[in-house]
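First comes the structure, then the notes that go with it.
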Amino acid sequence: MKHWAETAAILDRLSELAARGSRAVLATVVRISGSAYRRPGAKLLIEEDGITQGGVSGGCLESDVRAHALRILGGAENRMLHYDTGSDEETLWGLGLGCEGAVDVYLQRIDAAFMDGPGKQMRELLAAGVPFAAITFLHGRSEGKTLVFARGELAGSSGSPDVDHELSERAGTLLEGDGDADVVEAGHAAFVDVLRPPPRLLIFGAGDDARPLAALAAAAGFEITVVDHRPAYLTGERFPPPLRLSLRRPSEGVAGLPLGISRKNFAVVQTHSLAHDRDWLRALSGQPLAYLGLLGPRSRRELVLRALNWDGVELFAPVGLDIGADGPEQVAVSIVAELLAVYARREPTHLRARAGGIHAG
């Protein structure tokens with residue numbers, strides 16, 4: 001879910017570089033097996049002076065990727081890097097990372113021509129909030145070429161109508177379902193990177209405890225809107241951009257708030273007013289929500305539900321995971337962890353109890 005914002009930031013930077021005639025290399029995770037820190041689609045930008053942005057691992061691969069990228073900027077060809085992070089001390093540069101996984105990272109030179117073509121198309125789609133797939137060929141005569149699939153149409157061509165059709169079919173299927181990325185062997189292997197607008201989180205109540213929740217959820221990849229009826233609480237100093245602010249009372253309802261069905265919607269009600277909590281829950285009861293949480297103890301939940309004769313969506317109350325949280329910052333961690341678990345359709349548990357790779361389905 002972080003790919004959308006990360007990709008937007010990297011493309012914005014690439015646009016700046018292209019405008020001044022500079023090139024860069026884009027490193028993208030295209031395949032993982034076993035345990036890996038980042039999923040396919042994670043990106044690292046390497047500029048000509050060695051400055052980087054983004055990441056393809058937790059920090060263990062970036063230095064080597066950067067070294068290869070600088071060789072490409074010096075004239076070498078685009079290339080695929082394969083990292084086996086198993087426990088064998090001789091597996092990876094003699095360091096033995098011991099992560100028990102494998103990662104394929106594709107390094108692609110980016111120049112002004114790219115930014116005038118697929119790069120520009122991708123930036124426009126990101127700005128418009130339109131889901132799309134970026135399709136990059138990994139080898140063969142079209143290696144390094146990127147096509148863009150959006151709104152049911154493929155922009156650009158591989159040169160083969162059959163390959164274009166197969167790629168369009170696969171990209172369309174991934175966009176319509178829950179798939180995020182795939183490598184398609186369509187004549188030439190191509191990485192299909194699916195980008196969807198991030199899920200929305202609406203926080204009802206702009207008290208001090210909403211500040212760490214908004215900041216942490218935004219860092220985790222959610223698009224945030226904070227709703228409150230008190231102008232003094234709802235300020236850019238307390239909730240800086242890109243957080244969105246909506247000044248309204250519960251009696252005004254949710255009309256006009258970003259609750260469209262084009263992406264998953266999450267909401268947390270924490271106004272610290274029993275009456276306002278009740279009224280916001282009433283307004284939200286019929287909305288297309290993947291998650292609705294209510295701050296406070298079980299006794300508060302029971303009071304609110306009895307007053308509403310609740311028949312709405314499942315209510316997560318008390319909100320958050322049981323991690324022994326104390327104070328607004330820790331409560332925010334508890335809530336965001338629960339949001340991520342619901343988004344990933346995972347039952348929260350300790351990773352040590354999980355069989356198989358961390359990112360396995």
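Ordering of the structure tokens sets the chain letters (A, B, ...); residue numbers start at 1 within each chain; ligands are numbered from 1 in the order shown.
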Item to check | region 118-123 of chain A environment, 10 Å, only C-alpha atoms, sequence neighbours closer than 3 positions dropped, as a PyMOL selection string | outcome: chain A and resi 7-12+14-15+110-115+126-135+145-150+155-156+195
Go ahead and save the residues from that selection, with N, CA and C atoms, as a tab-separated table (two decimals), in the first residue's frame.
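In the end it all went to selection_8.tsv:
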```
chain	number	residue	atom	x	y	z
A	7	THR	N	6.07	5.62	-5.29
A	7	THR	CA	6.23	5.76	-6.73
A	7	THR	C	6.00	7.20	-7.17
A	8	ALA	N	4.98	7.85	-6.59
A	8	ALA	CA	4.71	9.24	-6.92
A	8	ALA	C	5.91	10.12	-6.58
A	9	ALA	N	6.50	9.92	-5.40
A	9	ALA	CA	7.63	10.74	-4.98
A	9	ALA	C	8.84	10.51	-5.89
A	10	ILE	N	9.09	9.26	-6.25
A	10	ILE	CA	10.23	8.95	-7.12
A	10	ILE	C	10.03	9.53	-8.51
A	11	LEU	N	8.82	9.42	-9.06
A	11	LEU	CA	8.56	9.99	-10.39
A	11	LEU	C	8.65	11.51	-10.37
A	12	ASP	N	8.22	12.13	-9.28
A	12	ASP	CA	8.37	13.59	-9.18
A	12	ASP	C	9.86	13.97	-9.23
A	14	LEU	N	12.28	12.16	-10.56
A	14	LEU	CA	12.77	11.87	-11.90
A	14	LEU	C	12.40	12.98	-12.88
A	15	SER	N	11.23	13.55	-12.71
A	15	SER	CA	10.81	14.65	-13.58
A	15	SER	C	11.74	15.85	-13.39
A	110	ILE	N	16.82	5.51	-16.51
A	110	ILE	CA	15.71	6.44	-16.77
A	110	ILE	C	16.28	7.75	-17.31
A	111	ASP	N	15.72	8.20	-18.45
A	111	ASP	CA	16.17	9.45	-19.04
A	111	ASP	C	14.97	10.32	-19.41
A	112	ALA	N	15.23	11.40	-20.13
A	112	ALA	CA	14.16	12.33	-20.49
A	112	ALA	C	13.10	11.67	-21.37
A	113	ALA	N	13.53	10.76	-22.26
A	113	ALA	CA	12.57	10.09	-23.13
A	113	ALA	C	11.58	9.26	-22.33
A	114	PHE	N	12.06	8.60	-21.29
A	114	PHE	CA	11.15	7.83	-20.42
A	114	PHE	C	10.16	8.77	-19.75
A	115	MET	N	10.64	9.89	-19.24
A	115	MET	CA	9.77	10.80	-18.52
A	115	MET	C	8.81	11.53	-19.44
A	126	LEU	N	-1.30	8.98	-11.36
A	126	LEU	CA	-1.13	9.13	-9.92
A	126	LEU	C	-1.84	10.39	-9.42
A	127	ALA	N	-1.69	11.49	-10.16
A	127	ALA	CA	-2.32	12.75	-9.76
A	127	ALA	C	-3.84	12.65	-9.80
A	128	ALA	N	-4.37	11.86	-10.74
A	128	ALA	CA	-5.81	11.72	-10.89
A	128	ALA	C	-6.39	10.64	-9.99
A	129	GLY	N	-5.54	9.87	-9.30
A	129	GLY	CA	-6.02	8.81	-8.43
A	129	GLY	C	-6.59	7.63	-9.18
A	130	VAL	N	-6.06	7.37	-10.40
A	130	VAL	CA	-6.55	6.27	-11.23
A	130	VAL	C	-5.63	5.05	-11.07
A	131	PRO	N	-6.17	3.89	-10.71
A	131	PRO	CA	-5.33	2.70	-10.62
A	131	PRO	C	-4.78	2.31	-11.99
A	132	PHE	N	-3.56	1.79	-12.01
A	132	PHE	CA	-2.93	1.43	-13.28
A	132	PHE	C	-1.86	0.39	-13.05
A	133	ALA	N	-1.33	-0.14	-14.14
A	133	ALA	CA	-0.23	-1.09	-14.08
A	133	ALA	C	0.88	-0.60	-14.99
A	134	ALA	N	2.11	-0.58	-14.47
A	134	ALA	CA	3.29	-0.27	-15.27
A	134	ALA	C	3.95	-1.59	-15.64
A	135	ILE	N	4.15	-1.81	-16.93
A	135	ILE	CA	4.65	-3.09	-17.43
A	135	ILE	C	6.04	-2.87	-18.02
A	145	LYS	N	11.93	-1.36	-21.75
A	145	LYS	CA	10.79	-0.58	-22.22
A	145	LYS	C	9.63	-0.73	-21.24
A	146	THR	N	8.91	0.36	-20.99
A	146	THR	CA	7.78	0.33	-20.07
A	146	THR	C	6.50	0.75	-20.79
A	147	LEU	N	5.45	-0.04	-20.61
A	147	LEU	CA	4.12	0.26	-21.11
A	147	LEU	C	3.21	0.55	-19.91
A	148	VAL	N	2.14	1.25	-20.15
A	148	VAL	CA	1.22	1.61	-19.07
A	148	VAL	C	-0.18	1.14	-19.42
A	149	PHE	N	-0.80	0.37	-18.51
A	149	PHE	CA	-2.17	-0.11	-18.71
A	149	PHE	C	-3.08	0.58	-17.70
A	150	ALA	N	-4.12	1.27	-18.21
A	150	ALA	CA	-5.06	1.97	-17.35
A	150	ALA	C	-6.39	2.12	-18.07
A	155	ALA	N	-1.17	1.66	-23.16
A	155	ALA	CA	-0.47	2.75	-23.83
A	155	ALA	C	0.92	2.27	-24.22
A	156	GLY	N	1.22	2.30	-25.51
A	156	GLY	CA	2.48	1.79	-26.00
A	156	GLY	C	2.32	0.38	-26.52
A	195	LEU	N	-0.45	-0.53	-9.36
A	195	LEU	CA	-0.51	0.57	-8.40
A	195	LEU	C	-1.95	1.02	-8.22
```
Give one line per residue of region 124-201 of chain A that approaches region 66-84 of chain A to at most 9 Å, naming the two atoms of the closest pair and their distance in Å to one decimal, counting only C-alpha atoms; sort by chain then ascending residue number and deliver it as CSV.
```
residue,atom,partner,partner_atom,distance
A:Leu138,CA,A:Met80,CA,7.6
A:His139,CA,A:Arg79,CA,8.6
A:Glu143,CA,A:Asn78,CA,8.2
A:Gly144,CA,A:Asn78,CA,7.0
```
Can I get the selected residues back with N, CA and C atoms, as a CSV table (one decimal), in the first residue's frame?
```csv
chain,number,residue,atom,x,y,z
A,138,LEU,N,11.8,-7.2,-19.0
A,138,LEU,CA,13.0,-7.6,-18.3
A,138,LEU,C,14.2,-8.1,-19.1
A,139,HIS,N,13.8,-8.7,-20.3
A,139,HIS,CA,14.8,-9.1,-21.2
A,139,HIS,C,14.2,-9.2,-22.6
A,143,GLU,N,13.7,-5.1,-23.8
A,143,GLU,CA,14.2,-4.9,-22.5
A,143,GLU,C,14.3,-3.5,-22.1
A,144,GLY,N,13.8,-3.1,-20.9
A,144,GLY,CA,13.9,-1.8,-20.4
A,144,GLY,C,12.8,-0.9,-20.8
```
Next on the checklist: Residues within 10 Å of Glu185 (chain A), please, as a list in words. Count only C-alpha atoms; anything in the same chain fewer than 2 positions from it doesn't count.
Outcome noted: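 Residues near the query, excluding close chain neighbours: Phe137, Leu138, Val163, Glu166, Leu167, Asp182, Val183, Gly187, His188, Ala189, Ala190 and Phe191 of chain A.
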Store the residues picked out above in a file with C-alpha atoms, as an mmCIF file, in the first residue's frame.
```cif
data_model
loop_
_atom_site.group_PDB
_atom_site.id
_atom_site.type_symbol
_atom_site.label_atom_id
_atom_site.label_comp_id
_atom_site.auth_asym_id
_atom_site.auth_seq_id
_atom_site.Cartn_x
_atom_site.Cartn_y
_atom_site.Cartn_z
ATOM 1 C CA PHE A 137 10.212 -5.787 -20.051
ATOM 2 C CA LEU A 138 13.041 -7.552 -18.264
ATOM 3 C CA VAL A 163 2.191 -10.063 -26.482
ATOM 4 C CA GLU A 166 -1.546 -11.163 -23.151
ATOM 5 C CA LEU A 167 -0.063 -8.380 -21.060
ATOM 6 C CA ASP A 182 3.552 -10.393 -11.299
ATOM 7 C CA VAL A 183 6.216 -11.442 -13.769
ATOM 8 C CA GLY A 187 7.260 -13.700 -25.324
ATOM 9 C CA HIS A 188 9.645 -11.591 -23.258
ATOM 10 C CA ALA A 189 9.463 -11.615 -19.463
ATOM 11 C CA ALA A 190 7.699 -8.501 -18.227
ATOM 12 C CA PHE A 191 7.132 -7.200 -14.722
#
```
Item to check | Separation of CA of Leu61 (chain A) from CA of Thr349 (chain A) in Å | outcome: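 Separation of CA of Thr349 (chain A) and CA of Leu61 (chain A): 27.9 Å.
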Go through region 127-227 of chain A and flag each residue having an atom no more than 8 Å from region 322-338 of chain A; for those, report the closest pair of atoms plus their distance in Å to one decimal, using only C-alpha atoms, ordered by chain and rising number, as CSV.
```
residue,atom,partner,partner_atom,distance
A:Asp208,CA,A:Pro328,CA,7.8
A:Asp209,CA,A:Pro328,CA,4.9
A:Ala210,CA,A:Pro328,CA,7.9
A:Pro212,CA,A:Glu329,CA,5.6
A:Leu213,CA,A:Ala332,CA,4.6
A:Leu216,CA,A:Ala332,CA,7.1
A:Ala217,CA,A:Val336,CA,5.9
A:Ala220,CA,A:Val336,CA,8.0
```
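Those residues of region 40-86 of chain A that DSSP, working from the backbone, places in helix (DSSP H, G or I) are A:Glu62, A:Ser63, A:Asp64, A:Val65, A:Arg66, A:Ala67, A:His68, A:Ala69, A:Leu70, A:Arg71, A:Ile72, A:Leu73.
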Item to check | Selection near region 304-312 of chain A, 12 Å with only C-alpha atoms, sequence-local residues under 5 positions removed, as a ChimeraX atom specification | outcome: /A:269,273-292,294-299,317
Next on the checklist: Considering only strand (DSSP E) as DSSP defines it on the backbone, what residues of region 65-188 of chain A qualify? List them as a ChimeraX atom specification.
Outcome noted: /A:79-84,101-110,132-137,146-150,153-155,181-186,188
Checklist outcome for this item: Closest of A:Pro241, A:Arg230, A:Arg352, A:Thr235 to Ala218 (chain A), counting only C-alpha atoms, is A:Pro241
Next on the checklist: Just to confirm, what's the straight-line distance from CA of Leu201 (chain A) to CA of Leu243 (chain A) in Å (one decimal)?
Outcome noted: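 So the two atoms, CA of Leu201 (chain A) and CA of Leu243 (chain A), lie 10.3 Å apart.
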Checklist entry - Which one of A:His229, A:Arg238, A:Arg354, A:Arg20 sits closest to Thr271 (chain A) if you count only C-alpha atoms? => result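 Smallest distance to Thr271 (chain A) is found for A:His229.
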